[in-house]
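Engineer: Before anything else, here's the structure in question.
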Amino acid sequence: DNQSGVDLRGILLQEYAVSFAQPFFDLVSVGVNAKMMRGWCYFKPFNLRELEHFGGTADDLFDEENRDESLRFGIDAGILVQPIPWLSLGVVGRNLNNPSFDFEGPGDYEIERQFRAGVGVTPLPWLTLAADIDLLRNDSEALPGYHSQYVGGGAEFSLFDAGFLRLGVSKNLAE
């Protein structure tokens, strides 16, 4: 009669975006991204007895009675400053309106705002170096207690302008 178990929950998102950017004085560019977001939120509680037969979980999880589909709109915005031709500094805000999706389980599934800053340097015509970081710690609606705050860096090598080779690394500073 033990009713202990787990609750599986999450979201699948598709985004369709329209973007606009405007340069000012060859120094600053401002951009906006309006997007339609289609979300499938799923929720399925499993008790201990059901977990013994865990094989069909994916089918149960995506069954129509365990998911809710909704459409929302999201707004992103960013600014890029290029004080000298080989240096770019930028900051972006994603999901500035905190879109919230219908959820089959308790509550709604809210997509939190994210803010990121970065720098790009082109020391040679065939080499670009870049680094970026999440400005705030991000929480996960799907995994309560899980946090992320990524820092990343990379390089892009131009191969005679016919191809490009990219290398990069990232690390979650919050976990």
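Residue numbers start at 1 in each chain; chains themselves are named A, B, ... in the order of the structure tokens; ligands are numbered from 1 in the order shown.
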If we count only C-alpha atoms, what is near Phe103 (chain A) at a cut-off of 7 Å, once residues fewer than 4 positions away on the same chain are taken out, given as a PyMOL selection string?

Structural biologist: chain A and resi 41-42+68+107-109

Engineer: Grab the residues selected above and save them as a compact mmCIF listing (two decimals), in the first residue's frame with all heavy atoms.

Structural biologist:
# COMPACT_ATOMS: atom_id res chain seq x y z
N CYS A 41 3.81 20.50 -22.48
CA CYS A 41 4.18 20.21 -21.09
C CYS A 41 3.63 18.84 -20.72
O CYS A 41 2.50 18.50 -21.07
CB CYS A 41 3.59 21.26 -20.15
SG CYS A 41 4.27 22.90 -20.40
N TYR A 42 4.44 18.08 -20.03
CA TYR A 42 3.99 16.75 -19.63
C TYR A 42 4.19 16.56 -18.13
O TYR A 42 5.06 17.16 -17.52
CB TYR A 42 4.69 15.65 -20.44
CG TYR A 42 6.20 15.71 -20.39
CD1 TYR A 42 6.91 15.07 -19.39
CD2 TYR A 42 6.92 16.42 -21.34
CE1 TYR A 42 8.28 15.12 -19.33
CE2 TYR A 42 8.30 16.48 -21.30
CZ TYR A 42 8.97 15.84 -20.29
OH TYR A 42 10.33 15.89 -20.24
N ASP A 68 -0.06 18.72 -22.01
CA ASP A 68 -0.89 19.87 -22.36
C ASP A 68 -0.11 20.70 -23.37
O ASP A 68 1.07 20.98 -23.17
CB ASP A 68 -1.20 20.70 -21.10
CG ASP A 68 -2.47 21.50 -21.24
OD1 ASP A 68 -2.92 21.71 -22.38
OD2 ASP A 68 -3.01 21.94 -20.21
N GLY A 107 0.04 23.72 -11.25
CA GLY A 107 0.63 25.01 -11.64
C GLY A 107 0.86 25.15 -13.13
O GLY A 107 0.35 24.38 -13.94
N ASP A 108 1.64 26.16 -13.50
CA ASP A 108 2.03 26.40 -14.88
C ASP A 108 3.52 26.15 -15.02
O ASP A 108 4.24 26.04 -14.04
CB ASP A 108 1.74 27.86 -15.27
CG ASP A 108 0.25 28.14 -15.40
OD1 ASP A 108 -0.51 27.19 -15.65
OD2 ASP A 108 -0.14 29.30 -15.24
N TYR A 109 3.98 26.10 -16.26
CA TYR A 109 5.40 25.92 -16.55
C TYR A 109 5.91 27.26 -17.07
O TYR A 109 5.61 27.65 -18.19
CB TYR A 109 5.59 24.83 -17.59
CG TYR A 109 6.99 24.29 -17.64
CD1 TYR A 109 7.28 23.03 -17.16
CD2 TYR A 109 8.03 25.05 -18.15
CE1 TYR A 109 8.56 22.52 -17.20
CE2 TYR A 109 9.32 24.54 -18.19
CZ TYR A 109 9.57 23.29 -17.71
OH TYR A 109 10.84 22.79 -17.75

Engineer: Glu15 (chain A): which residues within 9 Å, counting only C-alpha atoms, same-chain residues fewer than 3 positions away excluded, as a ChimeraX atom specification?

Structural biologist: /A:35-39,74

Engineer: Quick one: pick out all strand (DSSP E) residues within chain A from a backbone DSSP run and write them as a VMD selection string.

Structural biologist: chain A and resid 5 to 24 28 to 47 67 to 84 87 to 94 100 to 101 109 to 110 114 to 124 127 to 134 138 to 139 147 to 148 150 to 159 163 to 172

Engineer: Given the selection you just returned, output its residues as a file containing C-alpha atoms, formatted as a compact mmCIF listing (two decimals), in the first residue's frame.

Structural biologist:
# COMPACT_ATOMS: atom_id res chain seq x y z
CA GLY A 5 7.04 7.33 -6.08
CA VAL A 6 8.23 10.02 -8.44
CA ASP A 7 6.67 12.73 -10.57
CA LEU A 8 8.07 13.14 -14.09
CA ARG A 9 7.54 16.56 -15.62
CA GLY A 10 9.02 18.68 -18.36
CA ILE A 11 8.48 20.68 -21.51
CA LEU A 12 9.27 20.39 -25.21
CA LEU A 13 9.49 23.76 -26.99
CA GLN A 14 9.44 24.87 -30.61
CA GLU A 15 10.20 28.50 -31.40
CA TYR A 16 9.35 30.38 -34.61
CA ALA A 17 11.03 33.78 -34.64
CA VAL A 18 11.01 37.05 -36.56
CA SER A 19 14.02 39.27 -35.90
CA PHE A 20 14.92 42.89 -36.53
CA ALA A 21 18.25 44.63 -35.91
CA GLN A 22 19.25 48.24 -36.45
CA PRO A 23 22.79 49.67 -36.43
CA PHE A 24 23.44 53.16 -35.09
CA VAL A 28 26.01 50.15 -31.70
CA SER A 29 23.43 47.68 -33.02
CA VAL A 30 20.16 46.90 -31.27
CA GLY A 31 18.11 43.81 -32.05
CA VAL A 32 14.73 42.39 -31.12
CA ASN A 33 13.38 38.91 -31.60
CA ALA A 34 9.62 38.20 -31.45
CA LYS A 35 8.82 34.52 -31.32
CA MET A 36 5.83 32.25 -31.23
CA MET A 37 6.53 29.41 -28.81
CA ARG A 38 4.70 26.10 -28.99
CA GLY A 39 5.04 24.13 -25.79
CA TRP A 40 4.13 20.57 -24.88
CA CYS A 41 4.18 20.21 -21.09
CA TYR A 42 3.99 16.75 -19.63
CA PHE A 43 3.37 15.42 -16.15
CA LYS A 44 3.08 11.84 -14.97
CA PRO A 45 3.22 10.58 -11.39
CA PHE A 46 4.50 7.02 -10.90
CA ASN A 47 4.14 5.05 -7.66
CA ARG A 67 0.46 16.43 -21.62
CA ASP A 68 -0.89 19.87 -22.36
CA GLU A 69 -0.10 21.87 -25.49
CA SER A 70 -0.20 25.68 -25.65
CA LEU A 71 1.02 28.61 -27.75
CA ARG A 72 2.69 31.67 -26.24
CA PHE A 73 4.77 34.60 -27.43
CA GLY A 74 8.27 35.45 -26.30
CA ILE A 75 10.48 38.52 -26.63
CA ASP A 76 14.28 38.62 -26.79
CA ALA A 77 16.41 41.77 -27.12
CA GLY A 78 20.09 42.49 -27.42
CA ILE A 79 22.68 45.17 -27.94
CA LEU A 80 26.07 44.90 -29.65
CA VAL A 81 28.81 47.51 -29.28
CA GLN A 82 31.81 47.50 -31.62
CA PRO A 83 34.13 50.31 -30.41
CA ILE A 84 36.95 49.20 -32.74
CA LEU A 87 36.33 44.02 -30.78
CA SER A 88 32.64 43.27 -30.16
CA LEU A 89 30.82 43.45 -26.81
CA GLY A 90 27.24 42.26 -26.44
CA VAL A 91 24.46 41.54 -24.01
CA VAL A 92 21.18 39.73 -24.64
CA GLY A 93 18.00 39.09 -22.69
CA ARG A 94 15.90 36.06 -23.59
CA SER A 100 4.09 30.64 -19.06
CA PHE A 101 2.67 27.39 -20.48
CA TYR A 109 5.40 25.92 -16.55
CA GLU A 110 7.12 29.32 -16.60
CA GLN A 114 17.88 34.78 -19.05
CA PHE A 115 20.63 37.37 -19.47
CA ARG A 116 23.97 36.71 -21.16
CA ALA A 117 26.99 38.87 -21.99
CA GLY A 118 29.86 38.18 -24.33
CA VAL A 119 32.97 39.48 -26.01
CA GLY A 120 34.44 38.68 -29.41
CA VAL A 121 37.94 39.50 -30.64
CA THR A 122 39.31 39.11 -34.18
CA PRO A 123 43.10 39.46 -33.79
CA LEU A 124 43.79 38.03 -37.26
CA LEU A 127 40.77 33.89 -36.37
CA THR A 128 37.94 34.94 -34.06
CA LEU A 129 38.00 34.32 -30.30
CA ALA A 130 34.87 34.62 -28.16
CA ALA A 131 33.69 34.20 -24.57
CA ASP A 132 30.30 34.60 -22.91
CA ILE A 133 28.65 34.11 -19.53
CA ASP A 134 25.18 33.91 -18.01
CA ASN A 138 19.10 30.17 -13.96
CA ASP A 139 16.61 27.92 -12.19
CA HIS A 147 20.64 25.65 -11.27
CA SER A 148 22.77 26.68 -14.21
CA TYR A 150 27.25 28.82 -17.92
CA VAL A 151 30.52 30.37 -18.97
CA GLY A 152 31.87 29.48 -22.37
CA GLY A 153 34.60 30.27 -24.82
CA GLY A 154 35.65 29.32 -28.28
CA ALA A 155 37.57 29.98 -31.44
CA GLU A 156 36.62 30.08 -35.11
CA PHE A 157 39.22 29.50 -37.82
CA SER A 158 38.48 30.58 -41.38
CA LEU A 159 39.77 28.14 -44.00
CA GLY A 163 34.91 26.71 -44.63
CA PHE A 164 35.12 27.37 -40.93
CA LEU A 165 36.35 25.28 -38.03
CA ARG A 166 34.89 26.01 -34.60
CA LEU A 167 36.09 24.80 -31.22
CA GLY A 168 34.53 25.61 -27.86
CA VAL A 169 34.10 24.72 -24.22
CA SER A 170 31.56 25.55 -21.53
CA LYS A 171 31.19 25.01 -17.79
CA ASN A 172 28.22 25.27 -15.44
